[in-house]
Amino acid sequence: MRHIVALPDYNQSGSISAWTETGTKSLKQALSESGVELAMLPPSFVIGIPEPLLRERVETDFVLSQVVRLDHAIIMSTSCQAGLDKTGRHVFLTELSVEDSVNAGIRELSNFYRVIPVGLSEELTDLIVKMRKAALGDLRTLLEVALRRPRDRHLSSRSMTGMHYQPDWPKKKVSGGRLSVKEWLILLTTVPVLAALIYEYLQ
């Protein structure tokens, strides 16, 4: 298992730095060294927590967990809030692990969570420990779902509310007040029949 921690961009530099076991580098480089190129990731996958979801989940200890299946590996990801940058915008801490398969991810998940990154600040280390505790159950569930749904590439612990691209699981919920085209057609053909029956009954 390859281990990466995407660090909060407190200085709003515009680039994401990542801690790895071989040193700090850009997130792109860290992923590439783990056999993952950014172009391989589905467009629904996010580093951090999307703003629309953040507005919906106002609690500061909210954790977003994701699993991405690639042709040669899987990526497990957890993200949480890590304070504000110098302009007052939310920044995030994201921990990623790259494993060879879903089965290997399930098998190694508990062992991986015992490893504490060395060289990070005490605040970030404490945040990682708290985030892992909150995310462990969700990650295990996502991996188990991935076993049952081998065609799904991106699984998330929450729907990506307000985002254009949605994960394969869970499916985006349709608003309760909106009917599909099929439901409208059924309704339009049923109403005249019911009206005719009521008219005949009242004659």
# chains A, B, ... in the order shown; residues from 1 in each chain; ligands from 1
$ select_by_dssp --residues "region 34-152 of chain A" --states "strand (DSSP E)" --output "PyMOL selection string"
chain A and resi 63-69+74-84+90-99
$ residues_around --residues "region 83-92 of chain A" --least-positions-apart "2" --cutoff "7 Å" --atoms "only C-alpha atoms" --output "VMD selection string"
chain A and resid 8 to 12 48 79 to 81 94
$ write_last_selection --atoms "N, CA, C and O atoms" --output "PDB file, in the first residue's frame"
ATOM      1  N   PRO A   8      -3.107  20.791   3.593  1.00  0.00           N
ATOM      2  CA  PRO A   8      -3.902  22.019   3.420  1.00  0.00           C
ATOM      3  C   PRO A   8      -3.058  23.134   2.814  1.00  0.00           C
ATOM      4  O   PRO A   8      -1.884  23.307   3.167  1.00  0.00           O
ATOM      5  N   ASP A   9      -3.641  23.896   1.910  1.00  0.00           N
ATOM      6  CA  ASP A   9      -2.949  25.003   1.257  1.00  0.00           C
ATOM      7  C   ASP A   9      -3.274  26.299   2.008  1.00  0.00           C
ATOM      8  O   ASP A   9      -4.027  27.144   1.532  1.00  0.00           O
ATOM      9  N   TYR A  10      -2.672  26.454   3.177  1.00  0.00           N
ATOM     10  CA  TYR A  10      -2.970  27.615   4.019  1.00  0.00           C
ATOM     11  C   TYR A  10      -2.544  28.931   3.366  1.00  0.00           C
ATOM     12  O   TYR A  10      -3.134  29.980   3.624  1.00  0.00           O
ATOM     13  N   ASN A  11      -1.507  28.905   2.533  1.00  0.00           N
ATOM     14  CA  ASN A  11      -0.994  30.116   1.913  1.00  0.00           C
ATOM     15  C   ASN A  11      -1.646  30.422   0.572  1.00  0.00           C
ATOM     16  O   ASN A  11      -1.248  31.365  -0.106  1.00  0.00           O
ATOM     17  N   GLN A  12      -2.625  29.625   0.184  1.00  0.00           N
ATOM     18  CA  GLN A  12      -3.337  29.802  -1.088  1.00  0.00           C
ATOM     19  C   GLN A  12      -2.335  29.906  -2.249  1.00  0.00           C
ATOM     20  O   GLN A  12      -2.407  30.805  -3.086  1.00  0.00           O
ATOM     21  N   GLY A  48     -10.409  16.857  -1.160  1.00  0.00           N
ATOM     22  CA  GLY A  48     -11.074  17.791  -0.258  1.00  0.00           C
ATOM     23  C   GLY A  48     -12.562  17.507  -0.198  1.00  0.00           C
ATOM     24  O   GLY A  48     -13.008  16.373  -0.406  1.00  0.00           O
ATOM     25  N   SER A  79     -11.268  12.827   3.484  1.00  0.00           N
ATOM     26  CA  SER A  79     -10.999  14.261   3.557  1.00  0.00           C
ATOM     27  C   SER A  79     -11.763  14.890   4.712  1.00  0.00           C
ATOM     28  O   SER A  79     -12.890  14.479   5.021  1.00  0.00           O
ATOM     29  N   CYS A  80     -11.161  15.900   5.324  1.00  0.00           N
ATOM     30  CA  CYS A  80     -11.841  16.651   6.383  1.00  0.00           C
ATOM     31  C   CYS A  80     -11.395  18.101   6.324  1.00  0.00           C
ATOM     32  O   CYS A  80     -10.413  18.452   5.662  1.00  0.00           O
ATOM     33  N   GLN A  81     -12.111  18.958   7.006  1.00  0.00           N
ATOM     34  CA  GLN A  81     -11.739  20.368   7.092  1.00  0.00           C
ATOM     35  C   GLN A  81     -10.480  20.518   7.950  1.00  0.00           C
ATOM     36  O   GLN A  81     -10.298  19.806   8.935  1.00  0.00           O
ATOM     37  N   THR A  94      -6.465  15.676   3.109  1.00  0.00           N
ATOM     38  CA  THR A  94      -6.937  14.467   2.436  1.00  0.00           C
ATOM     39  C   THR A  94      -5.867  13.384   2.537  1.00  0.00           C
ATOM     40  O   THR A  94      -4.700  13.628   2.188  1.00  0.00           O
TER      41      THR A  94
END
$ closest_atom_pairs --of "region 113-146 of chain A" --to "region 66-76 of chain A" --cutoff "10 Å" --atoms "only C-alpha atoms" --output "Markdown table"
| residue | atom | partner | partner_atom | distance |
| --- | --- | --- | --- | --- |
| A:Ala135 | CA | A:Gln66 | CA | 9.7 |
| A:Asp138 | CA | A:Gln66 | CA | 8.6 |
| A:Leu139 | CA | A:Gln66 | CA | 7.2 |
| A:Arg140 | CA | A:Val67 | CA | 9.9 |
| A:Leu142 | CA | A:Val67 | CA | 6.6 |
| A:Leu143 | CA | A:Val67 | CA | 7.1 |
| A:Val145 | CA | A:Val67 | CA | 9.9 |
| A:Ala146 | CA | A:Val67 | CA | 8.1 |
$ write_last_selection --atoms "all heavy atoms" --output "PDB file, in the first residue's frame"
ATOM      1  N   ALA A 135     -13.701   7.834   9.674  1.00  0.00           N
ATOM      2  CA  ALA A 135     -13.869   7.330   8.308  1.00  0.00           C
ATOM      3  C   ALA A 135     -13.770   5.820   8.189  1.00  0.00           C
ATOM      4  O   ALA A 135     -14.184   5.265   7.160  1.00  0.00           O
ATOM      5  CB  ALA A 135     -12.818   7.965   7.400  1.00  0.00           C
ATOM      6  N   ASP A 138     -16.964   3.921   7.151  1.00  0.00           N
ATOM      7  CA  ASP A 138     -17.403   4.273   5.797  1.00  0.00           C
ATOM      8  C   ASP A 138     -16.501   3.639   4.739  1.00  0.00           C
ATOM      9  O   ASP A 138     -16.984   3.126   3.730  1.00  0.00           O
ATOM     10  CB  ASP A 138     -17.409   5.793   5.615  1.00  0.00           C
ATOM     11  CG  ASP A 138     -18.630   6.453   6.231  1.00  0.00           C
ATOM     12  OD1 ASP A 138     -19.611   5.738   6.505  1.00  0.00           O
ATOM     13  OD2 ASP A 138     -18.600   7.678   6.441  1.00  0.00           O
ATOM     14  N   LEU A 139     -15.191   3.673   4.964  1.00  0.00           N
ATOM     15  CA  LEU A 139     -14.273   3.085   3.991  1.00  0.00           C
ATOM     16  C   LEU A 139     -14.490   1.584   3.859  1.00  0.00           C
ATOM     17  O   LEU A 139     -14.488   1.035   2.756  1.00  0.00           O
ATOM     18  CB  LEU A 139     -12.822   3.363   4.396  1.00  0.00           C
ATOM     19  CG  LEU A 139     -12.200   4.658   3.911  1.00  0.00           C
ATOM     20  CD1 LEU A 139     -10.757   4.768   4.386  1.00  0.00           C
ATOM     21  CD2 LEU A 139     -12.263   4.789   2.402  1.00  0.00           C
ATOM     22  N   ARG A 140     -14.679   0.918   4.988  1.00  0.00           N
ATOM     23  CA  ARG A 140     -14.921  -0.527   4.947  1.00  0.00           C
ATOM     24  C   ARG A 140     -16.198  -0.828   4.175  1.00  0.00           C
ATOM     25  O   ARG A 140     -16.256  -1.756   3.364  1.00  0.00           O
ATOM     26  CB  ARG A 140     -14.993  -1.087   6.375  1.00  0.00           C
ATOM     27  CG  ARG A 140     -14.859  -2.602   6.442  1.00  0.00           C
ATOM     28  CD  ARG A 140     -14.906  -3.090   7.883  1.00  0.00           C
ATOM     29  NE  ARG A 140     -13.872  -2.490   8.700  1.00  0.00           N
ATOM     30  CZ  ARG A 140     -12.608  -2.911   8.729  1.00  0.00           C
ATOM     31  NH1 ARG A 140     -12.233  -3.903   7.946  1.00  0.00           N
ATOM     32  NH2 ARG A 140     -11.730  -2.329   9.515  1.00  0.00           N
ATOM     33  N   LEU A 142     -17.586   1.061   1.820  1.00  0.00           N
ATOM     34  CA  LEU A 142     -17.360   1.349   0.404  1.00  0.00           C
ATOM     35  C   LEU A 142     -16.593   0.220  -0.276  1.00  0.00           C
ATOM     36  O   LEU A 142     -16.897  -0.159  -1.419  1.00  0.00           O
ATOM     37  CB  LEU A 142     -16.599   2.666   0.248  1.00  0.00           C
ATOM     38  CG  LEU A 142     -17.353   3.940   0.634  1.00  0.00           C
ATOM     39  CD1 LEU A 142     -16.435   5.157   0.501  1.00  0.00           C
ATOM     40  CD2 LEU A 142     -18.599   4.128  -0.211  1.00  0.00           C
ATOM     41  N   LEU A 143     -15.619  -0.349   0.402  1.00  0.00           N
ATOM     42  CA  LEU A 143     -14.854  -1.452  -0.169  1.00  0.00           C
ATOM     43  C   LEU A 143     -15.731  -2.694  -0.344  1.00  0.00           C
ATOM     44  O   LEU A 143     -15.628  -3.413  -1.350  1.00  0.00           O
ATOM     45  CB  LEU A 143     -13.647  -1.769   0.711  1.00  0.00           C
ATOM     46  CG  LEU A 143     -12.542  -0.711   0.715  1.00  0.00           C
ATOM     47  CD1 LEU A 143     -11.537  -0.994   1.822  1.00  0.00           C
ATOM     48  CD2 LEU A 143     -11.828  -0.648  -0.634  1.00  0.00           C
ATOM     49  N   VAL A 145     -18.997  -2.651  -0.786  1.00  0.00           N
ATOM     50  CA  VAL A 145     -19.891  -2.358  -1.911  1.00  0.00           C
ATOM     51  C   VAL A 145     -19.143  -2.526  -3.233  1.00  0.00           C
ATOM     52  O   VAL A 145     -19.686  -3.040  -4.211  1.00  0.00           O
ATOM     53  CB  VAL A 145     -20.466  -0.925  -1.791  1.00  0.00           C
ATOM     54  CG1 VAL A 145     -21.233  -0.540  -3.054  1.00  0.00           C
ATOM     55  CG2 VAL A 145     -21.381  -0.815  -0.577  1.00  0.00           C
ATOM     56  N   ALA A 146     -17.877  -2.098  -3.265  1.00  0.00           N
ATOM     57  CA  ALA A 146     -17.070  -2.230  -4.482  1.00  0.00           C
ATOM     58  C   ALA A 146     -16.925  -3.689  -4.903  1.00  0.00           C
ATOM     59  O   ALA A 146     -16.883  -3.995  -6.098  1.00  0.00           O
ATOM     60  CB  ALA A 146     -15.701  -1.591  -4.271  1.00  0.00           C
TER      61      ALA A 146
END
$ select_by_dssp --residues "region 3-190 of chain A" --states "alpha helix (DSSP H)" --output "VMD selection string"
chain A and resid 27 to 33 51 to 56 102 to 112 122 to 148 181 to 190
$ closest_residue --among "A:Ser77, A:Arg153, A:Gln29, A:Leu7" --to "Ser121 (chain A)" --atoms "only C-alpha atoms"
A:Leu7
$ residues_around --residues "Arg149 (chain A)" --least-positions-apart "6" --cutoff "10 Å" --atoms "only C-alpha atoms" --output "short mmCIF file (atom, residue, chain, number, x, y, z; two decimals) with N, CA and C atoms, in the first residue's frame"
data_model
loop_
_atom_site.label_atom_id
_atom_site.label_comp_id
_atom_site.auth_asym_id
_atom_site.auth_seq_id
_atom_site.Cartn_x
_atom_site.Cartn_y
_atom_site.Cartn_z
N LEU A 143 -15.62 -0.35 0.40
CA LEU A 143 -14.85 -1.45 -0.17
C LEU A 143 -15.73 -2.69 -0.34
N LEU A 155 -16.94 5.30 -5.82
CA LEU A 155 -17.91 5.15 -4.74
C LEU A 155 -17.60 6.20 -3.67
N ASP A 168 -20.57 6.79 -9.01
CA ASP A 168 -21.41 5.66 -9.43
C ASP A 168 -22.26 5.15 -8.28
N TRP A 169 -21.76 5.31 -7.05
CA TRP A 169 -22.50 4.89 -5.86
C TRP A 169 -22.16 5.83 -4.72
#
$ closest_residue --among "A:Leu53, A:Ala18, A:Leu93, A:Leu109" --to "Ser159 (chain A)" --atoms "only C-alpha atoms"
A:Leu53
$ closest_residue --among "A:Ala30, A:Val58, A:Ile47, A:Leu147" --to "Thr78 (chain A)" --atoms "only C-alpha atoms"
A:Ile47
$ closest_residue --among "A:Gly35, A:Gly162, A:Gly23, A:Pro150" --to "Pro52 (chain A)" --atoms "only C-alpha atoms"
A:Gly162
$ closest_residue --among "A:Leu31, A:Leu54, A:Ala6, A:Met1" --to "Tyr113 (chain A)" --atoms "only C-alpha atoms"
A:Met1
$ residues_around --residues "Glu51 (chain A)" --least-positions-apart "5" --cutoff "10 Å" --atoms "only C-alpha atoms" --output "VMD selection string"
chain A and resid 56 to 57 90 160 to 163
$ write_last_selection --atoms "N, CA and C atoms" --output "PDB file, in the first residue's frame"
ATOM      1  N   GLU A  56     -24.000  21.757   2.899  1.00  0.00           N
ATOM      2  CA  GLU A  56     -25.026  20.840   3.389  1.00  0.00           C
ATOM      3  C   GLU A  56     -24.611  20.190   4.703  1.00  0.00           C
ATOM      4  N   ARG A  57     -23.328  19.889   4.843  1.00  0.00           N
ATOM      5  CA  ARG A  57     -22.801  19.243   6.048  1.00  0.00           C
ATOM      6  C   ARG A  57     -22.032  20.294   6.837  1.00  0.00           C
ATOM      7  N   HIS A  90     -12.145  27.788   3.332  1.00  0.00           N
ATOM      8  CA  HIS A  90     -11.894  26.463   3.895  1.00  0.00           C
ATOM      9  C   HIS A  90     -10.737  25.774   3.172  1.00  0.00           C
ATOM     10  N   MET A 160     -22.634  13.597  -4.226  1.00  0.00           N
ATOM     11  CA  MET A 160     -21.960  14.875  -4.458  1.00  0.00           C
ATOM     12  C   MET A 160     -23.010  15.948  -4.776  1.00  0.00           C
ATOM     13  N   THR A 161     -23.720  16.343  -3.760  1.00  0.00           N
ATOM     14  CA  THR A 161     -24.808  17.301  -3.906  1.00  0.00           C
ATOM     15  C   THR A 161     -24.337  18.574  -4.598  1.00  0.00           C
ATOM     16  N   GLY A 162     -25.082  18.970  -5.636  1.00  0.00           N
ATOM     17  CA  GLY A 162     -24.766  20.210  -6.325  1.00  0.00           C
ATOM     18  C   GLY A 162     -23.633  20.124  -7.325  1.00  0.00           C
ATOM     19  N   MET A 163     -23.042  18.949  -7.511  1.00  0.00           N
ATOM     20  CA  MET A 163     -21.930  18.784  -8.439  1.00  0.00           C
ATOM     21  C   MET A 163     -22.425  18.240  -9.778  1.00  0.00           C
TER      22      MET A 163
END
$ residues_around --residues "Phe112 (chain A)" --least-positions-apart "5" --cutoff "10 Å" --atoms "only C-alpha atoms" --output "list in words"
Met1, Arg2, His3, Ser97, Gly105 and Arg107 of chain A
$ write_last_selection --atoms "C-alpha atoms" --output "PDB file, in the first residue's frame"
ATOM      1  CA  MET A   1       0.000   0.000   0.000  1.00  0.00           C
ATOM      2  CA  ARG A   2       1.272   3.458  -0.955  1.00  0.00           C
ATOM      3  CA  HIS A   3       0.450   6.272   1.430  1.00  0.00           C
ATOM      4  CA  SER A  97      -3.827   5.142  -0.028  1.00  0.00           C
ATOM      5  CA  GLY A 105      -7.640  -2.846   0.545  1.00  0.00           C
ATOM      6  CA  ARG A 107      -7.280  -6.872   4.158  1.00  0.00           C
TER       7      ARG A 107
END
$ closest_residue --among "A:Arg55, A:Thr22, A:Lys28, A:Val36" --to "Glu99 (chain A)" --atoms "only C-alpha atoms"
A:Val36
$ atom_distance --atom1 "CA of Ile106 (chain A)" --atom2 "CA of Thr141 (chain A)"
9.6 Å
$ atom_distance --atom1 "CA of Pro170 (chain A)" --atom2 "CA of Met131 (chain A)"
21.3 Å
$ decode --residues "region 119-151 of chain A" --atoms "N, CA and C atoms" --output "PDB file, in the first residue's frame"
ATOM      1  N   GLY A 119       6.819  13.378  10.732  1.00  0.00           N
ATOM      2  CA  GLY A 119       7.325  14.647  10.237  1.00  0.00           C
ATOM      3  C   GLY A 119       6.272  15.723  10.045  1.00  0.00           C
ATOM      4  N   LEU A 120       5.003  15.388  10.222  1.00  0.00           N
ATOM      5  CA  LEU A 120       3.947  16.393  10.134  1.00  0.00           C
ATOM      6  C   LEU A 120       3.789  17.090  11.480  1.00  0.00           C
ATOM      7  N   SER A 121       3.141  18.246  11.466  1.00  0.00           N
ATOM      8  CA  SER A 121       2.919  18.972  12.716  1.00  0.00           C
ATOM      9  C   SER A 121       2.002  18.172  13.636  1.00  0.00           C
ATOM     10  N   GLU A 122       2.061  18.485  14.904  1.00  0.00           N
ATOM     11  CA  GLU A 122       1.216  17.788  15.879  1.00  0.00           C
ATOM     12  C   GLU A 122      -0.264  18.000  15.565  1.00  0.00           C
ATOM     13  N   GLU A 123      -0.616  19.222  15.102  1.00  0.00           N
ATOM     14  CA  GLU A 123      -2.012  19.518  14.778  1.00  0.00           C
ATOM     15  C   GLU A 123      -2.514  18.645  13.635  1.00  0.00           C
ATOM     16  N   LEU A 124      -1.703  18.518  12.576  1.00  0.00           N
ATOM     17  CA  LEU A 124      -2.116  17.700  11.434  1.00  0.00           C
ATOM     18  C   LEU A 124      -2.144  16.220  11.789  1.00  0.00           C
ATOM     19  N   THR A 125      -1.192  15.780  12.591  1.00  0.00           N
ATOM     20  CA  THR A 125      -1.174  14.377  13.017  1.00  0.00           C
ATOM     21  C   THR A 125      -2.421  14.045  13.824  1.00  0.00           C
ATOM     22  N   ASP A 126      -2.788  14.922  14.757  1.00  0.00           N
ATOM     23  CA  ASP A 126      -4.007  14.711  15.555  1.00  0.00           C
ATOM     24  C   ASP A 126      -5.238  14.697  14.653  1.00  0.00           C
ATOM     25  N   LEU A 127      -5.248  15.573  13.655  1.00  0.00           N
ATOM     26  CA  LEU A 127      -6.386  15.643  12.733  1.00  0.00           C
ATOM     27  C   LEU A 127      -6.506  14.346  11.920  1.00  0.00           C
ATOM     28  N   ILE A 128      -5.384  13.802  11.510  1.00  0.00           N
ATOM     29  CA  ILE A 128      -5.395  12.533  10.765  1.00  0.00           C
ATOM     30  C   ILE A 128      -5.970  11.418  11.623  1.00  0.00           C
ATOM     31  N   VAL A 129      -5.553  11.357  12.872  1.00  0.00           N
ATOM     32  CA  VAL A 129      -6.044  10.305  13.779  1.00  0.00           C
ATOM     33  C   VAL A 129      -7.563  10.411  13.954  1.00  0.00           C
ATOM     34  N   LYS A 130      -8.056  11.635  14.163  1.00  0.00           N
ATOM     35  CA  LYS A 130      -9.499  11.841  14.323  1.00  0.00           C
ATOM     36  C   LYS A 130     -10.255  11.496  13.037  1.00  0.00           C
ATOM     37  N   MET A 131      -9.691  11.923  11.900  1.00  0.00           N
ATOM     38  CA  MET A 131     -10.336  11.660  10.623  1.00  0.00           C
ATOM     39  C   MET A 131     -10.419  10.160  10.356  1.00  0.00           C
ATOM     40  N   ARG A 132      -9.350   9.441  10.626  1.00  0.00           N
ATOM     41  CA  ARG A 132      -9.339   7.992  10.419  1.00  0.00           C
ATOM     42  C   ARG A 132     -10.406   7.295  11.263  1.00  0.00           C
ATOM     43  N   LYS A 133     -10.517   7.720  12.490  1.00  0.00           N
ATOM     44  CA  LYS A 133     -11.506   7.107  13.387  1.00  0.00           C
ATOM     45  C   LYS A 133     -12.910   7.298  12.851  1.00  0.00           C
ATOM     46  N   ALA A 134     -13.190   8.498  12.316  1.00  0.00           N
ATOM     47  CA  ALA A 134     -14.521   8.797  11.777  1.00  0.00           C
ATOM     48  C   ALA A 134     -14.770   8.084  10.452  1.00  0.00           C
ATOM     49  N   ALA A 135     -13.701   7.834   9.674  1.00  0.00           N
ATOM     50  CA  ALA A 135     -13.869   7.330   8.308  1.00  0.00           C
ATOM     51  C   ALA A 135     -13.770   5.820   8.189  1.00  0.00           C
ATOM     52  N   LEU A 136     -13.240   5.137   9.189  1.00  0.00           N
ATOM     53  CA  LEU A 136     -12.944   3.711   9.047  1.00  0.00           C
ATOM     54  C   LEU A 136     -14.164   2.890   8.644  1.00  0.00           C
ATOM     55  N   GLY A 137     -15.295   3.129   9.304  1.00  0.00           N
ATOM     56  CA  GLY A 137     -16.513   2.380   8.986  1.00  0.00           C
ATOM     57  C   GLY A 137     -16.997   2.650   7.575  1.00  0.00           C
ATOM     58  N   ASP A 138     -16.964   3.921   7.151  1.00  0.00           N
ATOM     59  CA  ASP A 138     -17.403   4.273   5.797  1.00  0.00           C
ATOM     60  C   ASP A 138     -16.501   3.639   4.739  1.00  0.00           C
ATOM     61  N   LEU A 139     -15.191   3.673   4.964  1.00  0.00           N
ATOM     62  CA  LEU A 139     -14.273   3.085   3.991  1.00  0.00           C
ATOM     63  C   LEU A 139     -14.490   1.584   3.859  1.00  0.00           C
ATOM     64  N   ARG A 140     -14.679   0.918   4.988  1.00  0.00           N
ATOM     65  CA  ARG A 140     -14.921  -0.527   4.947  1.00  0.00           C
ATOM     66  C   ARG A 140     -16.198  -0.828   4.175  1.00  0.00           C
ATOM     67  N   THR A 141     -17.238  -0.017   4.416  1.00  0.00           N
ATOM     68  CA  THR A 141     -18.503  -0.203   3.695  1.00  0.00           C
ATOM     69  C   THR A 141     -18.317   0.004   2.199  1.00  0.00           C
ATOM     70  N   LEU A 142     -17.586   1.061   1.820  1.00  0.00           N
ATOM     71  CA  LEU A 142     -17.360   1.349   0.404  1.00  0.00           C
ATOM     72  C   LEU A 142     -16.593   0.220  -0.276  1.00  0.00           C
ATOM     73  N   LEU A 143     -15.619  -0.349   0.402  1.00  0.00           N
ATOM     74  CA  LEU A 143     -14.854  -1.452  -0.169  1.00  0.00           C
ATOM     75  C   LEU A 143     -15.731  -2.694  -0.344  1.00  0.00           C
ATOM     76  N   GLU A 144     -16.601  -2.942   0.634  1.00  0.00           N
ATOM     77  CA  GLU A 144     -17.508  -4.086   0.521  1.00  0.00           C
ATOM     78  C   GLU A 144     -18.506  -3.889  -0.616  1.00  0.00           C
ATOM     79  N   VAL A 145     -18.997  -2.651  -0.786  1.00  0.00           N
ATOM     80  CA  VAL A 145     -19.891  -2.358  -1.911  1.00  0.00           C
ATOM     81  C   VAL A 145     -19.143  -2.526  -3.233  1.00  0.00           C
ATOM     82  N   ALA A 146     -17.877  -2.098  -3.265  1.00  0.00           N
ATOM     83  CA  ALA A 146     -17.070  -2.230  -4.482  1.00  0.00           C
ATOM     84  C   ALA A 146     -16.925  -3.689  -4.903  1.00  0.00           C
ATOM     85  N   LEU A 147     -16.874  -4.592  -3.945  1.00  0.00           N
ATOM     86  CA  LEU A 147     -16.806  -6.015  -4.265  1.00  0.00           C
ATOM     87  C   LEU A 147     -18.082  -6.484  -4.957  1.00  0.00           C
ATOM     88  N   ARG A 148     -19.220  -5.955  -4.516  1.00  0.00           N
ATOM     89  CA  ARG A 148     -20.506  -6.368  -5.080  1.00  0.00           C
ATOM     90  C   ARG A 148     -20.827  -5.659  -6.389  1.00  0.00           C
ATOM     91  N   ARG A 149     -20.171  -4.531  -6.639  1.00  0.00           N
ATOM     92  CA  ARG A 149     -20.482  -3.725  -7.824  1.00  0.00           C
ATOM     93  C   ARG A 149     -19.188  -3.504  -8.629  1.00  0.00           C
ATOM     94  N   PRO A 150     -18.707  -4.545  -9.294  1.00  0.00           N
ATOM     95  CA  PRO A 150     -17.396  -4.462  -9.947  1.00  0.00           C
ATOM     96  C   PRO A 150     -17.323  -3.467 -11.099  1.00  0.00           C
ATOM     97  N   ARG A 151     -18.446  -3.001 -11.613  1.00  0.00           N
ATOM     98  CA  ARG A 151     -18.426  -2.034 -12.712  1.00  0.00           C
ATOM     99  C   ARG A 151     -18.321  -0.597 -12.236  1.00  0.00           C
TER     100      ARG A 151
END
